[in-house]
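Presented below is the structure to which this report refers.
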There are 2 protein chains.
Amino acid sequence: VTLRRLTAEEIEQAKRDLPAWRFESDRIARSLKLKDFNEAFSVMCRIALLAEKLDHHPEWSNVYNRIEIALTTHDVSGLSARDLDMARRIDALIP
Amino acid sequence: VTLRRLTAEEIEQAKRDLPAWRFESDRIARSLKLKDFNEAFSVMCRIALLAEKLDHHPEWSNVYNRIEIALTTHDVSGLSARDLDMARRIDALIP
């Protein structure tokens with residue numbers, strides 16, 4: 001599959017499918033709040049494994065029980081189907 | 001040991017002991033660049049275990065092979081001996 005930027009229509013559809021994500025200009029972002037650092041870092045480990053499997057890595061930060069995750073596709077300078085796929089998988093693993 | 005803010009003199013000494021760290025107003029920060037995501041996240045796992053053991057958690061972010069780590073002690077609104085201890089231990093585990 002050729003990697004390409006999502007169309008405006010595809011982005012509108014994605015907003016409906018991924019209500020937990022903020023759609024910013026060239027990326028999508030989600031904030032997570034877990035119980036404590038143990039739970040937050042456990043989620044980060046699962047996301048890290050996913051990132052390696054899909055070869056698609058988040059830009060993310062963590063402060064104690066909070067995680068900020070952003071997804072973008074540098075090769076298309078914006079959003080691609082890979083970001084939506086990753087976002088769906090992240091949503092699926094959050095406790 | 002009572003947790004207290006480091007004195008100006010202690011901070012000057014710490015700057016000499018921790019040359020890899022940037023001393024900012026109320027925190028110390030270090031940037032790391034590893035080979036790839038696998039190595040970066042492996043280092044993050046080791047730091048996470050250390051953070052739990054010491055009950056002192058970093059504010060940090062990661063983009064692929066890069067990690068930004070900041071340490072501060074909220075209970076004293078600045079730097080304490082716990083930050084220096086953590087920084088030394090982080091330096092010791094970096095490959």
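We name chains A, B, ... following the order of the structure tokens; residues begin at 1 in each chain, and ligands are numbered from 1 as shown.
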(request) Tell me, as a ChimeraX atom specification, which residues lie within 7 Å of segment 17-30 of chain B, counting only C-alpha atoms; anything in the same chain fewer than 3 positions away does not count. (result) /B:13-14,68-72,77-79
Please save all heavy atoms of the selected residues as a PDB file, in the first residue's frame.
ATOM      1  N   GLN B  13      28.493  22.643  43.296  1.00  0.00           N
ATOM      2  CA  GLN B  13      29.225  21.371  43.381  1.00  0.00           C
ATOM      3  C   GLN B  13      28.607  20.343  42.433  1.00  0.00           C
ATOM      4  O   GLN B  13      29.294  19.623  41.708  1.00  0.00           O
ATOM      5  CB  GLN B  13      29.188  20.852  44.831  1.00  0.00           C
ATOM      6  CG  GLN B  13      29.906  19.525  45.029  1.00  0.00           C
ATOM      7  CD  GLN B  13      31.379  19.564  44.637  1.00  0.00           C
ATOM      8  OE1 GLN B  13      32.103  20.459  45.040  1.00  0.00           O
ATOM      9  NE2 GLN B  13      31.827  18.610  43.823  1.00  0.00           N
ATOM     10  N   ALA B  14      27.255  20.302  42.422  1.00  0.00           N
ATOM     11  CA  ALA B  14      26.538  19.329  41.590  1.00  0.00           C
ATOM     12  C   ALA B  14      26.818  19.554  40.103  1.00  0.00           C
ATOM     13  O   ALA B  14      26.933  18.607  39.331  1.00  0.00           O
ATOM     14  CB  ALA B  14      25.039  19.406  41.873  1.00  0.00           C
ATOM     15  N   GLU B  68      14.315  12.981  26.382  1.00  0.00           N
ATOM     16  CA  GLU B  68      14.564  14.179  27.183  1.00  0.00           C
ATOM     17  C   GLU B  68      14.099  13.875  28.598  1.00  0.00           C
ATOM     18  O   GLU B  68      12.949  13.451  28.784  1.00  0.00           O
ATOM     19  CB  GLU B  68      13.767  15.382  26.650  1.00  0.00           C
ATOM     20  CG  GLU B  68      14.129  15.813  25.241  1.00  0.00           C
ATOM     21  CD  GLU B  68      15.501  16.467  25.171  1.00  0.00           C
ATOM     22  OE1 GLU B  68      15.935  17.062  26.180  1.00  0.00           O
ATOM     23  OE2 GLU B  68      16.140  16.361  24.102  1.00  0.00           O
ATOM     24  N   ILE B  69      14.982  14.052  29.564  1.00  0.00           N
ATOM     25  CA  ILE B  69      14.632  13.744  30.955  1.00  0.00           C
ATOM     26  C   ILE B  69      14.814  14.984  31.811  1.00  0.00           C
ATOM     27  O   ILE B  69      15.849  15.654  31.717  1.00  0.00           O
ATOM     28  CB  ILE B  69      15.575  12.673  31.554  1.00  0.00           C
ATOM     29  CG1 ILE B  69      15.698  11.471  30.625  1.00  0.00           C
ATOM     30  CG2 ILE B  69      15.093  12.248  32.939  1.00  0.00           C
ATOM     31  CD1 ILE B  69      16.737  10.465  31.117  1.00  0.00           C
ATOM     32  N   ALA B  70      13.836  15.281  32.641  1.00  0.00           N
ATOM     33  CA  ALA B  70      13.981  16.377  33.603  1.00  0.00           C
ATOM     34  C   ALA B  70      13.679  15.851  34.997  1.00  0.00           C
ATOM     35  O   ALA B  70      12.786  15.006  35.184  1.00  0.00           O
ATOM     36  CB  ALA B  70      13.051  17.529  33.250  1.00  0.00           C
ATOM     37  N   LEU B  71      14.428  16.341  35.947  1.00  0.00           N
ATOM     38  CA  LEU B  71      14.240  15.936  37.341  1.00  0.00           C
ATOM     39  C   LEU B  71      14.017  17.172  38.198  1.00  0.00           C
ATOM     40  O   LEU B  71      14.717  18.179  38.046  1.00  0.00           O
ATOM     41  CB  LEU B  71      15.482  15.186  37.845  1.00  0.00           C
ATOM     42  CG  LEU B  71      15.869  13.914  37.086  1.00  0.00           C
ATOM     43  CD1 LEU B  71      17.213  13.397  37.581  1.00  0.00           C
ATOM     44  CD2 LEU B  71      14.787  12.843  37.254  1.00  0.00           C
ATOM     45  N   THR B  72      13.060  17.071  39.086  1.00  0.00           N
ATOM     46  CA  THR B  72      12.789  18.147  40.035  1.00  0.00           C
ATOM     47  C   THR B  72      12.122  17.521  41.253  1.00  0.00           C
ATOM     48  O   THR B  72      11.660  16.375  41.185  1.00  0.00           O
ATOM     49  CB  THR B  72      11.896  19.229  39.398  1.00  0.00           C
ATOM     50  OG1 THR B  72      11.802  20.345  40.272  1.00  0.00           O
ATOM     51  CG2 THR B  72      10.487  18.725  39.125  1.00  0.00           C
ATOM     52  N   SER B  77       9.760  22.418  45.680  1.00  0.00           N
ATOM     53  CA  SER B  77       9.669  23.377  44.572  1.00  0.00           C
ATOM     54  C   SER B  77      11.039  23.710  43.993  1.00  0.00           C
ATOM     55  O   SER B  77      11.362  24.879  43.762  1.00  0.00           O
ATOM     56  CB  SER B  77       8.971  24.666  45.017  1.00  0.00           C
ATOM     57  OG  SER B  77       7.704  24.360  45.545  1.00  0.00           O
ATOM     58  N   GLY B  78      11.842  22.691  43.818  1.00  0.00           N
ATOM     59  CA  GLY B  78      13.171  22.926  43.256  1.00  0.00           C
ATOM     60  C   GLY B  78      13.994  21.659  43.295  1.00  0.00           C
ATOM     61  O   GLY B  78      13.442  20.562  43.247  1.00  0.00           O
ATOM     62  N   LEU B  79      15.289  21.827  43.400  1.00  0.00           N
ATOM     63  CA  LEU B  79      16.187  20.674  43.410  1.00  0.00           C
ATOM     64  C   LEU B  79      16.484  20.210  44.827  1.00  0.00           C
ATOM     65  O   LEU B  79      16.723  21.024  45.724  1.00  0.00           O
ATOM     66  CB  LEU B  79      17.506  21.038  42.729  1.00  0.00           C
ATOM     67  CG  LEU B  79      17.462  21.236  41.219  1.00  0.00           C
ATOM     68  CD1 LEU B  79      18.807  21.742  40.724  1.00  0.00           C
ATOM     69  CD2 LEU B  79      17.099  19.924  40.523  1.00  0.00           C
TER      70      LEU B  79
END
(request) If you run DSSP over the backbone, which residues in chain B end up alpha helix (DSSP H)? Put them as number ranges by chain. (result) B: 8-17, 37-54, 81-93
Could you list, as a compact mmCIF listing (two decimals) with C-alpha atoms, in the first residue's frame, the residues of chain A having an atom within 7 Å of chain B when counting only C-alpha atoms?
# COMPACT_ATOMS: atom_id res chain seq x y z
CA HIS A 57 6.67 5.35 16.75
CA PRO A 58 4.81 7.91 18.83
CA GLU A 59 6.07 11.25 20.08
CA TRP A 60 5.18 11.02 23.73
CA SER A 61 5.83 12.26 27.21
CA ASN A 62 5.08 11.06 30.71
CA VAL A 63 4.80 12.71 34.09
CA TYR A 64 3.95 10.22 36.85
(message) Taking 2 positions as the minimum chain separation for residues in the same chain, which residues sit within 12 Å of Arg89 of chain A when counting only C-alpha atoms? Answer as a ChimeraX atom specification.
(response) /A:18,43,46-51,53-54,56,82-87,91-94
